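Printed here is protein24.txt (compact mmCIF, C-alpha atoms):
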# COMPACT_ATOMS: atom_id res chain seq x y z
CA MET A 1 0.00 0.00 0.00
CA PRO A 2 1.42 3.48 -0.90
CA LYS A 3 2.56 5.54 2.06
CA THR A 4 0.23 8.41 1.14
CA SER A 5 -2.80 6.13 1.44
CA LEU A 6 -1.81 5.21 5.00
CA ILE A 7 -2.22 8.78 6.27
CA PRO A 8 -6.06 8.96 6.08
CA VAL A 9 -6.26 5.53 7.75
CA ALA A 10 -4.03 6.66 10.62
CA LEU A 11 -6.02 9.85 11.06
CA LEU A 12 -9.29 7.91 11.12
CA CYS A 13 -7.94 5.58 13.81
CA ALA A 14 -6.83 8.53 15.92
CA ALA A 15 -10.24 10.15 15.61
CA LEU A 16 -11.99 6.96 16.66
CA LEU A 17 -9.69 6.57 19.66
CA ALA A 18 -10.42 10.13 20.74
CA GLY A 19 -14.14 9.50 20.86
CA CYS A 20 -17.02 11.19 19.11
CA THR A 21 -19.06 12.77 21.89
CA THR A 22 -19.34 16.56 21.87
CA ALA A 23 -21.22 18.54 24.53
CA ARG A 24 -22.29 22.10 23.83
CA SER A 25 -21.82 23.72 27.23
CA THR A 26 -23.10 27.21 26.50
CA ALA A 27 -24.76 29.56 24.07
CA PRO A 28 -24.56 32.79 26.16
CA LEU A 29 -21.41 34.86 26.66
CA ARG A 30 -20.36 32.85 29.72
CA THR A 31 -21.04 29.30 30.79
CA ALA A 32 -23.07 28.48 33.89
CA SER A 33 -19.86 27.18 35.48
CA GLU A 34 -18.14 30.54 34.95
CA GLN A 35 -21.13 32.40 36.38
CA LEU A 36 -21.13 30.15 39.45
CA LEU A 37 -17.40 30.69 39.95
CA ILE A 38 -17.75 34.47 39.75
CA SER A 39 -20.81 34.67 41.98
CA ALA A 40 -19.31 32.31 44.60
CA ALA A 41 -16.13 34.42 44.74
CA ALA A 42 -18.28 37.57 45.02
CA ASP A 43 -20.25 36.08 47.91
CA ARG A 44 -17.05 35.30 49.80
CA ALA A 45 -15.48 38.71 49.26
CA ALA A 46 -18.70 40.57 50.14
CA ALA A 47 -19.11 38.56 53.36
CA GLN A 48 -15.86 40.08 54.67
CA LEU A 49 -16.89 43.73 54.22
CA SER A 50 -17.45 45.40 57.57
CA LEU A 51 -16.98 49.15 58.00
CA GLY A 52 -17.77 49.58 61.67
CA ILE A 53 -20.38 52.27 60.93
CA PRO A 54 -22.95 52.37 63.77
CA GLN A 55 -25.96 50.11 63.29
CA GLY A 56 -29.11 51.88 62.17
CA THR A 57 -27.20 54.43 60.04
CA ARG A 58 -28.96 55.21 56.77
CA ILE A 59 -26.50 54.60 53.96
CA PHE A 60 -26.48 55.06 50.20
CA VAL A 61 -24.36 52.48 48.33
CA ASP A 62 -22.39 54.19 45.55
CA SER A 63 -21.36 51.58 42.96
CA GLN A 64 -20.19 53.88 40.15
CA SER A 65 -16.61 52.62 40.50
CA PHE A 66 -17.68 48.97 40.56
CA GLN A 67 -16.98 47.05 37.36
CA GLY A 68 -16.66 43.40 36.42
CA TYR A 69 -18.53 40.41 35.07
CA ASP A 70 -21.93 39.89 36.72
CA GLN A 71 -21.49 43.08 38.71
CA GLY A 72 -25.20 43.29 39.38
CA TYR A 73 -25.09 40.14 41.48
CA ALA A 74 -21.91 41.26 43.26
CA ILE A 75 -23.37 44.65 44.19
CA ALA A 76 -26.50 42.94 45.48
CA ALA A 77 -24.31 40.67 47.64
CA ILE A 78 -22.54 43.73 49.07
CA ARG A 79 -25.85 45.49 49.80
CA THR A 80 -27.07 42.34 51.56
CA GLN A 81 -23.92 42.31 53.68
CA MET A 82 -24.51 45.95 54.67
CA LEU A 83 -27.97 44.95 55.86
CA LYS A 84 -26.50 42.06 57.84
CA ASN A 85 -24.17 44.58 59.49
CA GLY A 86 -27.22 46.44 60.79
CA LEU A 87 -27.13 49.36 58.36
CA MET A 88 -30.21 50.78 56.65
CA LEU A 89 -30.18 51.15 52.87
CA VAL A 90 -31.75 54.12 51.10
CA ASP A 91 -31.99 54.61 47.34
CA ASP A 92 -32.16 58.40 47.59
CA ARG A 93 -28.70 59.83 48.26
CA THR A 94 -30.16 63.00 49.79
CA LYS A 95 -31.79 60.94 52.56
CA ALA A 96 -28.59 59.13 53.50
CA GLU A 97 -26.50 59.88 56.59
CA ALA A 98 -23.49 58.15 55.05
CA VAL A 99 -22.35 57.08 51.61
CA VAL A 100 -20.58 53.77 51.15
CA GLN A 101 -18.52 53.67 47.98
CA VAL A 102 -17.77 50.16 46.74
CA SER A 103 -15.27 49.23 44.05
CA SER A 104 -13.89 46.06 42.52
CA GLY A 105 -10.26 45.31 41.78
CA ALA A 106 -11.12 41.93 40.26
CA LEU A 107 -14.29 40.06 39.35
CA SER A 108 -13.55 37.45 36.72
CA THR A 109 -12.06 33.99 36.13
CA ASP A 110 -8.64 32.49 35.49
CA GLN A 111 -7.97 29.24 33.67
CA LYS A 112 -5.05 26.85 33.48
CA SER A 113 -4.68 23.29 32.24
CA LEU A 114 -2.24 20.41 32.08
CA LEU A 115 -2.39 17.88 29.26
CA ILE A 116 -0.44 14.64 28.92
CA GLY A 117 -1.27 13.37 25.48
CA ILE A 118 -1.80 14.91 22.06
CA PRO A 119 -3.52 18.30 21.68
CA GLN A 120 -6.03 18.93 18.94
CA LEU A 121 -4.16 19.18 15.65
CA THR A 122 -4.92 20.22 12.08
CA VAL A 123 -2.98 17.87 9.83
CA PRO A 124 -2.52 18.39 6.08
CA TYR A 125 -2.70 15.35 3.78
CA TYR A 126 -2.44 14.44 0.11
CA PRO A 127 -3.53 15.96 -2.22
CA ALA A 128 -2.11 19.34 -1.26
CA GLY A 129 -4.58 21.81 0.22
CA ASN A 130 -6.57 19.24 2.19
CA SER A 131 -6.47 18.91 5.98
CA VAL A 132 -8.24 17.12 8.77
CA THR A 133 -8.65 18.02 12.45
CA VAL A 134 -7.48 15.31 14.85
CA PRO A 135 -9.33 15.55 18.20
CA GLU A 136 -7.44 15.93 21.44
CA ILE A 137 -6.19 12.63 22.86
CA ALA A 138 -5.86 12.98 26.63
CA LEU A 139 -4.07 10.28 28.58
CA PHE A 140 -4.34 12.68 31.51
CA LYS A 141 -5.78 16.18 31.59
CA GLN A 142 -6.46 18.59 34.41
CA ALA A 143 -8.26 21.84 33.63
CA GLU A 144 -8.82 24.31 36.47
CA GLU A 145 -11.04 27.37 36.48
CA LYS A 146 -10.84 29.87 39.34
CA GLY A 147 -13.21 32.68 40.20
CA VAL A 148 -11.56 35.73 41.78
CA ALA A 149 -13.14 38.76 43.49
CA LYS A 150 -11.48 41.75 45.15
CA PHE A 151 -13.71 44.37 46.81
CA VAL A 152 -13.08 47.57 48.77
CA ALA A 153 -15.65 49.67 50.66
CA THR A 154 -15.23 53.23 51.93
CA GLY A 155 -17.77 55.09 54.04
CA TYR A 156 -17.97 58.87 54.40
CA ASP A 157 -20.38 61.43 55.84
CA ALA A 158 -23.08 62.26 53.28
CA LYS A 159 -23.02 66.00 54.10
CA SER A 160 -19.45 66.85 55.03
CA GLY A 161 -17.67 64.19 52.99
CA GLN A 162 -15.55 63.30 56.01
CA LEU A 163 -14.12 59.80 56.06
CA LEU A 164 -15.94 57.51 58.46
CA ALA A 165 -14.33 54.13 57.77
CA THR A 166 -12.67 52.08 55.06
CA THR A 167 -11.77 48.44 54.55
CA ASP A 168 -8.64 46.79 53.31
CA PRO A 169 -9.14 44.86 50.06
CA ARG A 170 -11.23 41.77 50.67
CA TYR A 171 -10.73 38.71 48.49
CA GLY A 172 -12.95 35.84 47.49
CA PHE A 173 -11.95 32.72 45.56
CA ALA A 174 -13.77 29.73 44.09
CA HIS A 175 -12.46 26.91 41.96
CA ASN A 176 -13.61 24.05 39.78
CA THR A 177 -11.27 21.39 38.38
CA ASN A 178 -12.08 18.89 35.64
CA HIS A 179 -10.01 15.71 35.34
CA THR A 180 -9.77 13.34 32.39
CA VAL A 181 -7.91 9.99 32.39
CA LEU A 182 -7.47 7.70 29.40
CA LEU A 183 -9.73 9.76 27.11
CA PHE A 184 -13.10 8.60 28.44
CA PHE A 185 -12.98 8.81 32.25
CA SER A 186 -13.68 12.27 33.62
CA TRP A 187 -14.86 13.86 36.85
CA ALA A 188 -15.00 17.30 38.45
CA SER A 189 -14.10 18.66 41.88
CA GLY A 190 -14.36 22.11 43.43
CA ASP A 191 -15.86 24.31 46.11
CA VAL A 192 -18.52 26.15 44.09
CA ILE A 193 -21.51 23.95 44.90
CA PRO A 194 -22.28 23.69 48.64
CA PRO A 195 -22.95 20.33 50.31
CA GLY A 196 -26.53 19.15 50.02
CA VAL A 197 -27.03 20.40 46.46
CA ASP A 198 -27.51 17.73 43.79
CA GLN A 199 -24.43 18.38 41.67
CA ASN A 200 -25.42 15.67 39.17
CA SER A 201 -28.16 17.95 37.88
CA LEU A 202 -25.60 20.67 37.12
CA SER A 203 -23.14 18.72 34.97
CA PHE A 204 -22.88 16.28 32.11
CA HIS A 205 -22.53 12.59 32.89
CA THR A 206 -19.63 10.47 31.67
CA LEU A 207 -18.17 7.18 32.76
CA THR A 208 -17.32 8.59 36.18
CA ASN A 209 -19.86 6.30 37.80
CA MET A 210 -17.24 3.59 37.38
CA LEU A 211 -14.67 5.49 39.44
CA PRO A 212 -14.35 5.39 43.23
CA GLY A 213 -16.50 8.14 44.71
CA GLY A 214 -18.38 8.68 41.47
CA LYS A 215 -22.12 9.27 41.65
Please lay out the structure from this file as structure tokens.
Amino acid sequence: MPKTSLIPVALLCAALLAGCTTARSTAPLRTASEQLLISAAADRAAAQLSLGIPQGTRIFVDSQSFQGYDQGYAIAAIRTQMLKNGLMLVDDRTKAEAVVQVSSGALSTDQKSLLIGIPQLTVPYYPAGNSVTVPEIALFKQAEEKGVAKFVATGYDAKSGQLLATTDPRYGFAHNTNHTVLLFFSWASGDVIPPGVDQNSLSFHTLTNMLPGGK
């Protein structure tokens, strides 16, 4: 058999070994996993904000300097924390005794991965101008996503502008790690979903039921 005719056969074998299942994880801008990572990190950073302003003080939360993915949820988490601290929220700045300015230094995700195997490749073959994409072949793969939040709050007198209190930067982290072994066996671990929540309803199923601890 000519050597050139062996190339398509080899590529076909590689594709079959890599499997044929494809899961579409998202259509929106961010996946549900990314949103959960960001919101979990935001919850943890917001929970640490405490200004020491006397309880019962009417405050207006100024979020003009707050930016980041899903900032609406993060600002709501901060407002909730202010209520837990015994402060009273007002939506009219003129009725506030103090203004609490909140800002974000980070509110996003980081990603890193380790692959032992063959990454996805585009391989040319005869005749010239043709190519085929060989799927990723993972003997071992670990892909980690981390949600990161950094918040700061500063309170000042609504009339005089005098500083009342400020916080050091408060950080929140969340992570989710996906593992793949021998192409077909995969499972996830992380601290995004609290105990008691059915995580099986939030992820795709693979052959992980065969692994120790799999559900």
List as a short mmCIF file (atom, residue, chain, number, x, y, z; two decimals) with C-alpha atoms, in the frame of the given file the protein and nucleic acid residues near Ile59 in chain A, meaning an atom at most 9 Å away when only C-alpha atoms are counted, but skip any in the same chain fewer than 4 places from it.
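Contents of result.cif, as written:
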data_model
loop_
_atom_site.label_atom_id
_atom_site.label_comp_id
_atom_site.auth_asym_id
_atom_site.auth_seq_id
_atom_site.Cartn_x
_atom_site.Cartn_y
_atom_site.Cartn_z
CA MET A 82 -24.51 45.95 54.67
CA LEU A 87 -27.13 49.36 58.36
CA MET A 88 -30.21 50.78 56.65
CA LEU A 89 -30.18 51.15 52.87
CA VAL A 90 -31.75 54.12 51.10
CA ASP A 91 -31.99 54.61 47.34
CA ARG A 93 -28.70 59.83 48.26
CA LYS A 95 -31.79 60.94 52.56
CA ALA A 96 -28.59 59.13 53.50
CA GLU A 97 -26.50 59.88 56.59
CA ALA A 98 -23.49 58.15 55.05
CA VAL A 99 -22.35 57.08 51.61
CA VAL A 100 -20.58 53.77 51.15
CA GLY A 155 -17.77 55.09 54.04
CA ALA A 158 -23.08 62.26 53.28
#
Per residue of range 43-103 of chain A within 12 Å of range 109-122 of chain A, record the nearest atom pair and its distance in Å to one decimal, counting all atoms listed in the file, with rows in chain order and ascending residue number, as a Markdown table.
| residue | atom | partner | partner_atom | distance |
| --- | --- | --- | --- | --- |
| A:Gly68 | CA | A:Thr109 | CA | 10.5 |
| A:Tyr69 | CA | A:Thr109 | CA | 9.2 |
| A:Asp70 | CA | A:Thr109 | CA | 11.5 |
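When all atoms listed in the file are used to measure the gap to Gly172 in chain A, the shortest distance among A:Leu36, A:Ile193, A:Ala106, A:Ala143 belongs to A:Ala106.
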Within 12 Å of (-23.3, 41.5, 40.9) (file coordinates; all atoms listed in the file), which protein or nucleic acid residues are there? I'd like them as a ChimeraX atom specification. /A:35-36,38-43,45-46,63,66-80,102-104,107-108,149,151
If you measure from CA of Ser50 in chain A to CA of Asn176 in chain A, what distance in Å do you get, rounded to one decimal? 28.1 Å
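The space separating CA of Phe140 in chain A from CA of Thr180 in chain A comes to 5.5 Å.
Across A:Thr166, A:Ser160, A:Ser186, A:Ser131, the tightest approach to Ile53 in chain A is made by A:Thr166 when counting all atoms listed in the file.
Of the listed residues (A:His179, A:Ala153, A:Lys159, A:Lys146), A:Lys159 comes nearest to Thr94 in chain A; the distances count only C-alpha atoms.
Between Leu139 in chain A and the candidates A:Ala47, A:Val123, A:Leu183, A:Ala165, the tightest atom-to-atom separation, counting all atoms listed in the file, involves A:Leu183.
Across the model, the gap from CA of Glu144 in chain A to CA of Gly190 in chain A is 9.2 Å.
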So which residues touch Leu37 in chain A within 7 Å, counting only C-alpha atoms, skipping near sequence neighbours fewer than 6 positions away, as JSON, numbers by chain? {"A": [146, 147, 174, 175, 192]}
